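To keep things clear, I will list the structure first and then write my remarks on it.
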Amino acid sequence: MRACVINFPGSNCVDETNESLLKAGFSVDIINQNETNLDDYNLIVLPGGFSWGDYVSCGRIAKFSPVISALKEKIKQKNSFILGICNGFQILCEANILLGALLENENQKFILKDVDLSFKGKTFKLPIAHHQGRYFIDDINKLKDYDLIKYKNNPNGSYFDIAGIYDKKNKVMGLMPHPERNYITPFKSESGKIIFDFIKEELR
Amino acid sequence: MKTFIYKIITKLKEEIKNPQGEVVENIVTRLSISQNLKVNTGKFYEIKITDIDKIEADKKIDKISKEILVNPLVETFEIVSVEEV
Amino acid sequence: MKLYQKLNISDFLYQKIVEKLKREPNDFETYLFSAMHSEHCGYMHSKKYINDFYKENNYENENSGCIRLKDYCIFFKMESHNHPCAIEPYQGSMTGIGGIVRDILSLGAKPIALSNSLKFGSLDKLKTKYYIDEITRGISDYGNSIGVPTITGETIFDKRFNNLPIVNVLALGIIKEEDIKLSSAKEDNLIILLGSKTGVDGLNGASFASGVLDENSSRQSVQIGDPYTKKRLIDATIEINKLKEITACQDLGASGILSSTSEMAYKGNCAVELYLEKVHTQIESIKPEEIMLSESQERMAFTIENSSCAIKKFDEIAKKYELDYSIIGKTKKGNTYEVYYNNKQLCSLDLAVLCEPYLFDLDKKEIKIPEIYDKKSNLEQFLFMINDDNFSSKEFIYSQFDQEVQGRTSFSQKENSIGILYLKETGSFIGLLNQTTFDINPKKALYNAFMSSFRKFISFGFELRGITNCLNFANPENPLVQSDFRAVVDELKRLSFLYKIPIVSGNVSFYNEIKNEKIPPTATLGCVGVCEDEKRIIKSKIEKNDKIYILENKDELKSRDIIFKLLEEKMVKKVISTGQFGLVGSLLKETLFYDLGFKINYQNYFEPYQKDYILITDKEIENAKLIGEIIDDKIIFDDIIFEKERIKDIYFNKIEKKMK
């Protein structure tokens with residue numbers, strides 16, 4: 001199966017995301033924000049980082065890039081899985097591909113922490129590393145077609161303890177935690193595998 | 001062509017918890033300056049734009065504000081002044 | 001008042017310049033000398049003493065030296081950013097990271113780790129909290145954004161830093177040795193400036209950092225950081241340095257264009273012609289001397305073969321990363337530094353005069369320092385320790401740093417005092433540790449910092465392989481400061497030769513004084529260790545009923561071999577070398593992490609930086625002395641019993657509570 005990682009200017013988790021996908025069995029291309037042909041990819045990943053410096057607001061500017069227009073078309077075909085991690089999740093929300101928005105953490109600081117998560121009956125730990133990860137949605141009922149990834153101990157003030165959301169219908173997932181950081185490094189937990197296995201299952 | 005300077009404020013919608021505002025509220029209360037206040041925070045932009053007339057410039061500033069300066073789900077913007085230079 | 005006086009050049013130094021130049025410098029040249037012959041750029045009070053450490057075949061004339069692993073070089077360097085952080089801590093700490101990253105980058109190395117050593121005043125002062133908040137936020141915003149993990153660090157609180165925080169930052173990068181780009185220029189090349197526009201921010205930063213701070217020190221001398229541009233500059237520079245047409249690369253730090261272009265030419269034995277009107281600038285009204293001295297951030301300089309094909313390749317990479325550049329001059333045969341502005345020659349100086357400032361001799365008086373024996377009871381020492389903010393966990397600070405971006409971090413500060421990275425390029429692990437210690441005797445402080453780092457690496461299965469340093473001192477014109485400085489340097493020299501540990505790079509920061517308050521001698525070591533055998537790295541959980549042993553350390557190297565064997569054979573769960581708070585402090589930090597207590601019976605409970613190692617294991621160890629065991633909820637030593645829960649709260653939560 002083929003995957004691509006979109007390297008926006010300012011993305012900085014490209015290498016480890018690439019390595020994780022290779023380990024999960026994908027062949028991987030790294031593409032940039034001007035790419036418009038996404039036909040060949042089963043999985044499209046928007047990695048973590050600070051696209052365009054996050055200078056106006058996190059993930060705001062990426063929505064104007066050609067690759068996001070192509071991504072919106074690709075989702076309509078319903079033959080692929082889209083994963084946004086951290087800054088990638090912020091981009092998906094800002095581009096109206098996923099519902100909700102990500103606000104500054106309640107303590108107004110960058111938080112690096114291993115957090116306990118639950119998703120589809122499984123519990124596991126993954127690291128978070130963000131300054132703007134407080135998930136906001138005005139009405140939880142809007143997420144009735146979504147699966148939710150939830151924090152056990154809410155670290156940042158997210159509404160409804162939401163760490164990530166999965167739009168089942170369109171197969172689009174946004175995650176504040178970083179599965180790629182707990183998968184490829186020696187002496188580290190391999191809990192990120194849970195997310196990559198889930199994606200492979202959904203693509204089957 | 002005319003050149004205008006727009007001053008624009010963006011802020012979080014009032015119903016959304018604003019931690020920066022709360023910090024100010026707490027310290028003001030703690031210092032007994034006032035017990036009764038609500039603080040919101042946001043950003044300030046000054047945009048210098050040149051266009052054929054004010055109507056066109058207004059349109060562009062509206063587009064810039066809606067699409068770049070705010071996320072309409074959580075933020076609002078207000079043009080606080082326009083001045084021709 | 002003459003111009004040179006306004007620019008803080010002393011009458012004595014001005015006289016030396018006139019002697020060498022055999023004439024008075026013109027106004028433009030005086031600006032250049034004020035920067036190049038400042039302490040910050042010229043190392044005038046330290047240069048005579050810092051060049052003969054143990055080096056081991058290193059890149060001595062470059063921005064940084066390295067250690068070698070297989071075909072790769074690991075470059076690392078530490079730098080101070082004390083003066084900018086004192087007056088504008090947020091921007092100061094951002095640009096501190098920016099500057100040190102450029103030093104590594106200019107050799108072509110990919111930055112893969114950062115660390116910091118921060119010294120703040122007393123945590124009970126409001127000003128200290130302001131400094132902590134702003135400096136932490138600066139390092140967080142900049143380091144996280146450029147995508148380089150901050151894998152370790154140290155934070156020290158001491159009232160002697162109340163008005164002048166010390167901010168030392170380290171960057172480490174990796175490159176294949178054959179790909180290294182040096183900084184000596186060749187003749188008949190073009191000089192290209194890449195990155196941000198040159199503006200008036202950070203003007204005269206070098207001479208600003210070369211004087212004692214006062215309350216009027218202006219914020220104008222502080223540079224503004226732009227991590228988004230830096231991220232692109234890093235990626236672009238690594239790609240550009242792979243072009244064979246690039247002959248040299250140098251970063252723009254202190255004294256900006258002036259220092260980088262003159263040093264590239266001087267090292268390469270060639271002359272320079274600069275055309276200042278070609279430099280891409282922030283504002284049109286910028287003056288020629290401002291262009292020369294501006295310390296605007298996020299800029300790199302290159303020399304490149306003079307061919308349209310070479311320029312085209314450069315242009316493509318710059319465009320790809322959306323970075324501006326300008327061709328600002330050329331190199332030629334000769335030894336002059338010539339600057340032109342709109343065809344008018346502003347200066348023509350002998351490079352040797354410009355780049356070789358006068359060097360001072362420093363006094364070295366043997367100062368008899370009495371050994372102070374402070375006889376406190378064990379209980380008093382224990383209470384003193386848990387009340388000391390230095391004992392508590394610094395999680396409040398380091399949890400704001402991304403320690404794991406790039407996916408190489410096997411152990412970060414979350415769990416270890418040594419940050420450990422896996423290098424996929426070489427299949428080995430490297431460890432990073434910052435260490436500063438204080439003592440009434442500065443020589444002993446340096447000894448403790450060096451040896452405790454040496455032992456700490458061993459306790460993790462690593463060998464100390466190289467050191468960078470940042471020597472922060474007060475006014476070097478003071479003879480006492482001179483003697484302290486020389487005592488520290490001599491001790492570092494002695495130890496580096498004794499244990500054959502190369503001092504790969506370093507930085508000296510003088511004039512750390514404000515309002516007659518001097519900082520104590522503060523020698524920060526940035527230590528890098530290597531582990532090439534994965535078997536020596538142990539990740540196991542300490543449990544109740546584990547035994548605590550002391551391994552006597554009579555010979556540092558023999559003890560190293562014994563410990564490596566114990567680790568390889570998995571005979572121990574944890575080896576601990578004692579730190580600032582002695583046996584009890586080091587054990588406590590370890591057991592609290594696993595929510596456990598301990599019971600020991602020994603002596604020297606609180607002596608700092610002991611030679612002997614502590615072993616924690618569930619096995620029997622021969623030739624080591626059993627002193628106690630791990631228990632559930634109490635801390636018991638001598639006849640003293642403490643409840644773990646209370647200490648746990650102090651250890652984990654005190655700093656965050658105080659910061660509120």
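Simple scheme: letters A, B, ... for chains in structure tokens order, numbers from 1 for residues in each chain, numbers from 1 for ligands in the order shown.
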*asked:* Just want the 7 Å neighbourhood of segment 649-651 of chain C, counted on only C-alpha atoms, with same-chain residues fewer than 4 positions away dropped. Output as a PyMOL selection string.
replied: chain C and resi 392-393+645
*Would you return as a ChimeraX atom specification the members of chain B that DSSP assigns to strand (DSSP E or B) on this structure's backbone?*
/B:2-12,42-51,75-84
Produce a file of the selected residues containing N, CA, C and O atoms, as a CSV table (one decimal), in the first residue's frame.
chain,number,residue,atom,x,y,z
B,2,LYS,N,-6.0,54.3,-4.5
B,2,LYS,CA,-6.0,54.9,-3.1
B,2,LYS,C,-5.4,53.9,-2.1
B,2,LYS,O,-5.6,52.7,-2.3
B,3,THR,N,-4.8,54.5,-1.1
B,3,THR,CA,-4.2,53.6,-0.1
B,3,THR,C,-4.9,53.9,1.3
B,3,THR,O,-5.2,55.0,1.7
B,4,PHE,N,-5.3,52.7,1.9
B,4,PHE,CA,-6.0,52.8,3.2
B,4,PHE,C,-5.2,52.0,4.2
B,4,PHE,O,-4.5,51.0,3.9
B,5,ILE,N,-5.3,52.5,5.5
B,5,ILE,CA,-4.8,51.7,6.6
B,5,ILE,C,-6.0,51.2,7.4
B,5,ILE,O,-6.8,52.0,7.9
B,6,TYR,N,-6.1,49.9,7.5
B,6,TYR,CA,-7.2,49.2,8.3
B,6,TYR,C,-6.6,48.8,9.6
B,6,TYR,O,-5.5,48.2,9.6
B,7,LYS,N,-7.3,49.0,10.7
B,7,LYS,CA,-6.9,48.4,12.0
B,7,LYS,C,-8.0,47.4,12.4
B,7,LYS,O,-9.2,47.8,12.4
B,8,ILE,N,-7.5,46.2,12.6
B,8,ILE,CA,-8.4,45.1,12.8
B,8,ILE,C,-8.1,44.4,14.1
B,8,ILE,O,-6.9,44.1,14.4
B,9,ILE,N,-9.1,44.1,14.9
B,9,ILE,CA,-8.9,43.3,16.1
B,9,ILE,C,-9.6,42.0,15.9
B,9,ILE,O,-10.8,41.9,15.5
B,10,THR,N,-8.9,40.9,16.3
B,10,THR,CA,-9.6,39.6,16.3
B,10,THR,C,-9.6,39.1,17.7
B,10,THR,O,-8.7,39.4,18.5
B,11,LYS,N,-10.6,38.4,18.1
B,11,LYS,CA,-10.7,37.9,19.5
B,11,LYS,C,-11.5,36.6,19.5
B,11,LYS,O,-12.2,36.3,18.6
B,12,LEU,N,-11.3,35.8,20.6
B,12,LEU,CA,-12.0,34.6,20.8
B,12,LEU,C,-13.5,35.0,21.0
B,12,LEU,O,-13.8,36.0,21.7
B,42,GLY,N,-7.1,39.0,22.3
B,42,GLY,CA,-7.1,38.8,20.9
B,42,GLY,C,-5.8,39.3,20.3
B,42,GLY,O,-4.8,39.5,21.0
B,43,LYS,N,-5.9,39.5,19.0
B,43,LYS,CA,-4.7,40.1,18.3
B,43,LYS,C,-5.1,41.3,17.5
B,43,LYS,O,-6.3,41.5,17.2
B,44,PHE,N,-4.1,42.1,17.2
B,44,PHE,CA,-4.3,43.4,16.5
B,44,PHE,C,-3.5,43.3,15.2
B,44,PHE,O,-2.4,42.9,15.2
B,45,TYR,N,-4.2,43.7,14.1
B,45,TYR,CA,-3.5,43.7,12.8
B,45,TYR,C,-3.7,45.1,12.2
B,45,TYR,O,-4.7,45.7,12.3
B,46,GLU,N,-2.6,45.6,11.6
B,46,GLU,CA,-2.7,46.9,10.9
B,46,GLU,C,-2.3,46.5,9.4
B,46,GLU,O,-1.2,46.1,9.2
B,47,ILE,N,-3.3,46.7,8.5
B,47,ILE,CA,-3.0,46.4,7.1
B,47,ILE,C,-3.1,47.6,6.2
B,47,ILE,O,-4.1,48.3,6.2
B,48,LYS,N,-2.0,47.8,5.5
B,48,LYS,CA,-2.0,48.9,4.5
B,48,LYS,C,-2.3,48.3,3.1
B,48,LYS,O,-1.6,47.4,2.7
B,49,ILE,N,-3.3,48.8,2.5
B,49,ILE,CA,-3.7,48.2,1.2
B,49,ILE,C,-4.0,49.3,0.2
B,49,ILE,O,-4.6,50.3,0.5
B,50,THR,N,-3.6,49.0,-1.1
B,50,THR,CA,-3.9,50.0,-2.1
B,50,THR,C,-4.8,49.4,-3.1
B,50,THR,O,-4.6,48.2,-3.6
B,51,ASP,N,-5.9,50.1,-3.5
B,51,ASP,CA,-6.9,49.6,-4.4
B,51,ASP,C,-7.6,50.7,-5.1
B,51,ASP,O,-7.3,51.9,-4.8
B,75,GLU,N,-13.5,32.4,16.5
B,75,GLU,CA,-13.1,33.8,16.6
B,75,GLU,C,-14.0,34.8,15.9
B,75,GLU,O,-14.6,34.4,14.9
B,76,THR,N,-13.9,36.0,16.3
B,76,THR,CA,-14.6,37.1,15.6
B,76,THR,C,-13.6,38.2,15.3
B,76,THR,O,-12.5,38.3,15.9
B,77,PHE,N,-13.9,39.0,14.3
B,77,PHE,CA,-13.0,40.2,14.0
B,77,PHE,C,-13.9,41.4,13.9
B,77,PHE,O,-15.1,41.4,13.7
B,78,GLU,N,-13.2,42.5,14.2
B,78,GLU,CA,-13.8,43.8,14.1
B,78,GLU,C,-12.9,44.8,13.5
B,78,GLU,O,-11.7,44.9,13.9
B,79,ILE,N,-13.3,45.6,12.5
B,79,ILE,CA,-12.5,46.6,11.9
B,79,ILE,C,-12.7,47.8,12.8
B,79,ILE,O,-13.8,48.4,12.8
B,80,VAL,N,-11.6,48.2,13.5
B,80,VAL,CA,-11.8,49.3,14.4
B,80,VAL,C,-11.6,50.7,13.8
B,80,VAL,O,-12.2,51.7,14.3
B,81,SER,N,-10.8,50.8,12.7
B,81,SER,CA,-10.7,52.0,12.0
B,81,SER,C,-10.2,51.9,10.6
B,81,SER,O,-9.5,50.9,10.3
B,82,VAL,N,-10.5,52.8,9.7
B,82,VAL,CA,-10.0,52.8,8.4
B,82,VAL,C,-9.6,54.3,8.1
B,82,VAL,O,-10.3,55.2,8.5
B,83,GLU,N,-8.4,54.4,7.6
B,83,GLU,CA,-8.0,55.8,7.3
B,83,GLU,C,-7.3,55.8,6.0
B,83,GLU,O,-6.6,54.9,5.6
B,84,GLU,N,-7.6,56.8,5.2
B,84,GLU,CA,-7.0,56.9,3.9
B,84,GLU,C,-5.7,57.7,4.0
B,84,GLU,O,-5.6,58.7,4.8
Any idea what's packed within 9 Å of segment 172-189 of chain A, counting only C-alpha atoms, ignoring anything in its chain fewer than 5 positions away? Could you give it as a short mmCIF file (atom, residue, chain, number, x, y, z; two decimals) with N, CA, C and O atoms, in the first residue's frame?
data_model
loop_
_atom_site.label_atom_id
_atom_site.label_comp_id
_atom_site.auth_asym_id
_atom_site.auth_seq_id
_atom_site.Cartn_x
_atom_site.Cartn_y
_atom_site.Cartn_z
N CYS A 13 7.96 16.97 11.58
CA CYS A 13 7.94 15.56 11.99
C CYS A 13 7.93 14.63 10.77
O CYS A 13 7.38 13.53 10.81
N GLU A 16 10.40 11.14 10.95
CA GLU A 16 9.96 10.04 11.80
C GLU A 16 8.61 9.49 11.35
O GLU A 16 8.33 8.30 11.52
N THR A 17 7.77 10.34 10.75
CA THR A 17 6.50 9.86 10.22
C THR A 17 6.77 8.92 9.04
O THR A 17 6.18 7.84 8.93
N ASN A 18 7.67 9.34 8.18
CA ASN A 18 8.09 8.53 7.05
C ASN A 18 8.60 7.16 7.52
O ASN A 18 8.16 6.11 7.03
N GLU A 19 9.49 7.19 8.51
CA GLU A 19 10.06 5.93 9.01
C GLU A 19 8.99 5.02 9.61
O GLU A 19 9.03 3.81 9.43
N SER A 20 8.06 5.62 10.34
CA SER A 20 7.00 4.82 10.96
C SER A 20 6.14 4.14 9.90
O SER A 20 5.76 2.98 10.03
N LEU A 21 5.83 4.89 8.84
CA LEU A 21 4.98 4.32 7.79
C LEU A 21 5.71 3.18 7.08
O LEU A 21 5.11 2.16 6.74
N LYS A 23 7.92 1.26 8.46
CA LYS A 23 7.90 0.14 9.38
C LYS A 23 6.52 -0.54 9.39
O LYS A 23 6.43 -1.76 9.55
N GLY A 48 3.23 16.44 11.96
CA GLY A 48 3.35 17.48 12.96
C GLY A 48 4.34 18.55 12.56
O GLY A 48 5.09 18.40 11.60
N ILE A 75 -10.94 12.91 -0.87
CA ILE A 75 -11.81 12.38 0.19
C ILE A 75 -13.16 11.96 -0.41
O ILE A 75 -13.73 10.95 -0.02
N SER A 80 -9.55 6.18 0.38
CA SER A 80 -8.27 6.41 1.06
C SER A 80 -8.51 6.77 2.51
O SER A 80 -9.62 7.02 2.94
N PHE A 81 -7.39 6.78 3.26
CA PHE A 81 -7.43 7.17 4.67
C PHE A 81 -6.58 8.42 4.82
O PHE A 81 -5.48 8.51 4.29
N ILE A 82 -7.08 9.43 5.55
CA ILE A 82 -6.33 10.67 5.79
C ILE A 82 -6.02 10.74 7.28
O ILE A 82 -6.91 10.60 8.11
N LEU A 83 -4.74 10.96 7.60
CA LEU A 83 -4.35 11.09 9.00
C LEU A 83 -3.63 12.42 9.22
O LEU A 83 -2.65 12.71 8.56
N GLY A 84 -4.15 13.22 10.14
CA GLY A 84 -3.47 14.47 10.51
C GLY A 84 -2.98 14.35 11.94
O GLY A 84 -3.77 14.08 12.85
N ILE A 85 -1.68 14.51 12.12
CA ILE A 85 -1.09 14.39 13.47
C ILE A 85 -0.68 15.78 13.95
O ILE A 85 0.07 16.47 13.27
N CYS A 86 -1.18 16.17 15.10
CA CYS A 86 -0.79 17.43 15.74
C CYS A 86 -1.03 18.62 14.81
O CYS A 86 -2.17 18.98 14.57
N ASN A 87 0.00 19.22 14.23
CA ASN A 87 -0.22 20.31 13.29
C ASN A 87 -1.10 19.86 12.12
O ASN A 87 -1.91 20.63 11.60
N GLY A 88 -0.97 18.59 11.74
CA GLY A 88 -1.82 18.04 10.68
C GLY A 88 -3.30 18.06 11.07
O GLY A 88 -4.18 18.34 10.25
N PHE A 89 -3.59 17.75 12.32
CA PHE A 89 -4.97 17.81 12.85
C PHE A 89 -5.46 19.26 12.82
O PHE A 89 -6.59 19.55 12.38
N GLN A 90 -4.60 20.19 13.24
CA GLN A 90 -4.97 21.61 13.23
C GLN A 90 -5.29 22.06 11.80
O GLN A 90 -6.27 22.78 11.56
N LEU A 92 -6.36 20.15 9.30
CA LEU A 92 -7.61 19.53 8.86
C LEU A 92 -8.82 20.28 9.43
O LEU A 92 -9.84 20.44 8.75
N CYS A 93 -8.72 20.75 10.66
CA CYS A 93 -9.82 21.53 11.25
C CYS A 93 -9.93 22.90 10.59
O CYS A 93 -11.02 23.34 10.22
N ILE A 97 -12.06 20.24 6.95
CA ILE A 97 -12.15 18.83 6.55
C ILE A 97 -12.61 18.01 7.76
O ILE A 97 -13.36 17.05 7.62
N LEU A 98 -12.20 18.42 8.94
CA LEU A 98 -12.72 17.83 10.18
C LEU A 98 -13.48 18.91 10.96
O LEU A 98 -13.19 20.10 10.82
N ASP A 114 3.56 12.19 28.33
CA ASP A 114 2.94 10.93 27.93
C ASP A 114 1.54 10.89 28.54
O ASP A 114 1.41 11.05 29.75
N VAL A 115 0.52 10.69 27.71
CA VAL A 115 -0.85 10.71 28.23
C VAL A 115 -1.53 9.36 28.03
O VAL A 115 -1.24 8.64 27.07
N LYS A 125 -0.78 4.51 25.99
CA LYS A 125 -0.12 5.79 26.23
C LYS A 125 0.54 6.29 24.95
O LYS A 125 1.14 5.51 24.22
N LEU A 126 0.43 7.59 24.69
CA LEU A 126 1.20 8.21 23.60
C LEU A 126 1.66 9.59 24.08
O LEU A 126 1.04 10.17 24.97
N PRO A 127 2.73 10.14 23.48
CA PRO A 127 3.13 11.49 23.89
C PRO A 127 2.33 12.58 23.18
O PRO A 127 1.98 12.42 22.00
N ILE A 128 2.05 13.65 23.90
CA ILE A 128 1.56 14.86 23.24
C ILE A 128 2.69 15.89 23.29
O ILE A 128 3.53 15.85 24.19
N ALA A 129 2.69 16.80 22.34
CA ALA A 129 3.71 17.86 22.28
C ALA A 129 3.11 19.02 21.52
O ALA A 129 3.23 19.11 20.30
N HIS A 130 2.38 19.88 22.22
CA HIS A 130 1.72 20.99 21.53
C HIS A 130 1.44 22.16 22.46
O HIS A 130 1.43 22.02 23.67
N GLY A 133 -3.69 22.69 21.57
CA GLY A 133 -4.31 21.38 21.34
C GLY A 133 -5.61 21.20 22.09
O GLY A 133 -6.12 20.09 22.22
N ILE A 149 -11.07 9.62 20.21
CA ILE A 149 -9.90 9.20 21.00
C ILE A 149 -9.87 10.15 22.19
O ILE A 149 -9.80 11.37 22.01
N ALA A 163 -8.91 13.93 22.46
CA ALA A 163 -7.51 13.99 22.02
C ALA A 163 -7.43 13.83 20.52
O ALA A 163 -6.46 14.24 19.88
N GLY A 164 -8.45 13.18 19.95
CA GLY A 164 -8.46 12.95 18.51
C GLY A 164 -9.86 12.55 18.07
O GLY A 164 -10.68 12.13 18.90
N ILE A 165 -10.14 12.73 16.78
CA ILE A 165 -11.46 12.35 16.26
C ILE A 165 -11.28 11.58 14.96
O ILE A 165 -10.31 11.79 14.22
N TYR A 166 -12.24 10.67 14.71
CA TYR A 166 -12.18 9.90 13.46
C TYR A 166 -13.52 9.95 12.76
O TYR A 166 -14.52 9.46 13.26
N ASP A 167 -13.51 10.59 11.61
CA ASP A 167 -14.70 10.68 10.77
C ASP A 167 -14.80 9.37 9.98
O ASP A 167 -14.10 9.17 8.98
N ILE A 194 -0.75 0.69 17.53
CA ILE A 194 -2.21 0.57 17.62
C ILE A 194 -2.89 1.44 16.55
O ILE A 194 -3.83 1.01 15.88
N ILE A 195 -2.37 2.66 16.38
CA ILE A 195 -2.96 3.58 15.39
C ILE A 195 -2.66 3.09 13.96
O ILE A 195 -3.55 3.03 13.10
N PHE A 196 -1.41 2.71 13.72
CA PHE A 196 -1.07 2.27 12.35
C PHE A 196 -1.79 0.98 11.98
O PHE A 196 -2.21 0.81 10.84
N GLU C 404 11.30 15.12 21.85
CA GLU C 404 11.21 13.88 21.07
C GLU C 404 11.05 14.06 19.57
O GLU C 404 11.04 13.07 18.84
N VAL C 405 10.92 15.30 19.11
CA VAL C 405 10.77 15.50 17.67
C VAL C 405 12.01 14.91 16.97
O VAL C 405 13.08 14.82 17.58
N GLN C 406 11.85 14.46 15.75
CA GLN C 406 12.85 13.72 14.96
C GLN C 406 12.87 12.23 15.29
O GLN C 406 13.48 11.43 14.58
N GLY C 407 12.21 11.82 16.38
CA GLY C 407 12.03 10.39 16.65
C GLY C 407 13.29 9.63 16.98
O GLY C 407 13.35 8.42 16.85
N ARG C 408 14.33 10.33 17.47
CA ARG C 408 15.57 9.64 17.81
C ARG C 408 15.73 9.46 19.32
O ARG C 408 16.63 8.78 19.78
N THR C 409 14.90 10.15 20.10
CA THR C 409 15.13 10.23 21.54
C THR C 409 14.71 8.95 22.25
O THR C 409 13.53 8.66 22.39
N SER C 410 15.70 8.17 22.72
CA SER C 410 15.37 6.95 23.46
C SER C 410 15.04 7.25 24.91
O SER C 410 14.15 6.65 25.49
N PHE C 411 15.78 8.16 25.51
CA PHE C 411 15.49 8.59 26.88
C PHE C 411 15.61 10.10 26.92
O PHE C 411 16.62 10.65 26.50
N LEU C 421 20.10 9.72 22.61
CA LEU C 421 19.60 9.65 21.24
C LEU C 421 20.12 8.39 20.58
O LEU C 421 21.26 7.98 20.79
N TYR C 422 19.28 7.81 19.73
CA TYR C 422 19.74 6.71 18.89
C TYR C 422 20.16 7.29 17.55
O TYR C 422 19.40 8.04 16.92
N ILE C 537 22.73 -0.74 27.91
CA ILE C 537 21.65 0.17 28.29
C ILE C 537 20.54 -0.65 28.92
O ILE C 537 20.04 -1.61 28.33
N ILE C 538 20.18 -0.26 30.13
CA ILE C 538 19.19 -1.05 30.86
C ILE C 538 17.96 -0.20 31.12
O ILE C 538 18.06 0.95 31.55
N LYS C 539 16.81 -0.78 30.83
CA LYS C 539 15.56 -0.10 31.16
C LYS C 539 14.76 -1.05 32.02
O LYS C 539 14.02 -1.89 31.51
#
*asked:* Env of Leu203 of chain A: 12 Å cut, atoms = only C-alpha atoms, seq-sep filter 5 positions within chain, self excluded. Answer as a list in words.
replied: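 With the cut-off at 12 Å, the set is Met1, Arg2, Ala3, Phe26, Tyr41, Asn42, Leu43, Ile44, Lys78, Asn79, Ser80, Phe81, Ile82, Lys168, Asn170, Lys171, Val172, Phe196, Asp197 and Phe198 of chain A.
All residues of chain B that DSSP, run on the backbone, classes as helix (DSSP H, G or I) are Pro19, Gln20, Gly21, Glu22, Val23, Val24, Glu25, Asn26, Ile27, Val28, Thr29, Arg30, Lys54, Ile55, Glu56, Ala57, Asp58, Lys59, Lys60, Ile61, Asp62, Lys63, Ile64, Ser65, Lys66, Glu67, Ile68 and Leu69 of chain B.
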*Residue neighbourhood Lys150 of chain A, 6 Å, only C-alpha atoms, exclusion window fewer than 2 positions, as a list in words*: Leu117, Ser118, Asp161, Ile162 and Ala163 of chain A
For those residues, write C-alpha atoms to a file as a PDB file, in the first residue's frame.
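That gives us again-v1.pdb:
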ATOM      1  CA  LEU A 117      -5.694   7.424  25.941  1.00  0.00           C
ATOM      2  CA  SER A 118      -8.715   5.294  25.101  1.00  0.00           C
ATOM      3  CA  ASP A 161     -11.610  15.145  26.890  1.00  0.00           C
ATOM      4  CA  ILE A 162     -11.087  14.804  23.148  1.00  0.00           C
ATOM      5  CA  ALA A 163      -7.514  13.990  22.024  1.00  0.00           C
TER       6      ALA A 163
END
*With a distance cut-off of 9 Å and only C-alpha atoms, select the neighbouring residues of segment 296-309 of chain C, excluding the residue or stretch itself and same-chain residues fewer than 3 positions from it, and output the selection as number ranges by chain.*
C: 95, 98-99, 102, 106, 183, 185-186, 188-203, 223-227, 229-230, 233, 237, 241, 244-253, 256-257, 260-261, 264, 312-314, 330-331
*asked:* At a cut-off of 8 Å, which residues of chain A touch chain B? Count only C-alpha atoms and give the answer as a ChimeraX atom specification.
replied: /A:56,60-61,94,100-101,106-108
Residues from the last selection, N, CA and C atoms, saved as a short mmCIF file (atom, residue, chain, number, x, y, z; two decimals), in the first residue's frame:
data_model
loop_
_atom_site.label_atom_id
_atom_site.label_comp_id
_atom_site.auth_asym_id
_atom_site.auth_seq_id
_atom_site.Cartn_x
_atom_site.Cartn_y
_atom_site.Cartn_z
N VAL A 56 0.05 33.02 12.15
CA VAL A 56 -1.26 33.67 12.36
C VAL A 56 -2.04 32.86 13.39
N ARG A 60 -3.40 27.47 10.15
CA ARG A 60 -4.33 28.34 9.41
C ARG A 60 -4.00 28.47 7.92
N ILE A 61 -2.74 28.66 7.60
CA ILE A 61 -2.36 29.07 6.25
C ILE A 61 -2.37 27.90 5.25
N GLU A 94 -8.81 23.58 10.44
CA GLU A 94 -8.83 24.91 9.83
C GLU A 94 -9.35 24.86 8.40
N GLY A 100 -14.69 21.10 14.28
CA GLY A 100 -14.08 21.59 15.51
C GLY A 100 -12.89 22.48 15.25
N ALA A 101 -12.26 22.90 16.34
CA ALA A 101 -11.08 23.76 16.25
C ALA A 101 -10.16 23.45 17.41
N GLU A 106 -5.02 25.20 28.03
CA GLU A 106 -5.55 25.96 29.15
C GLU A 106 -4.45 26.63 29.98
N ASN A 107 -3.30 25.94 30.15
CA ASN A 107 -2.22 26.55 30.94
C ASN A 107 -1.36 27.50 30.11
N GLN A 108 -1.74 27.73 28.88
CA GLN A 108 -1.07 28.66 27.96
C GLN A 108 0.38 28.30 27.71
#
*Which residues come within 8 Å of Asp116 of chain A, counting only C-alpha atoms, excluding same-chain residues fewer than 6 positions away, as a ChimeraX atom specification?*
/A:123-126,151-153
_Taking only C-alpha atoms into account, name the residue in C:Phe401, C:Tyr142, C:Tyr54, C:Tyr266 that is nearest to chain A._
C:Phe401
*Could you tell me how far atom CA of Lys544 of chain C lies from atom CA of Tyr613 of chain C, in Å and to one decimal?*
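Between these atoms lies a distance of 20.2 Å.
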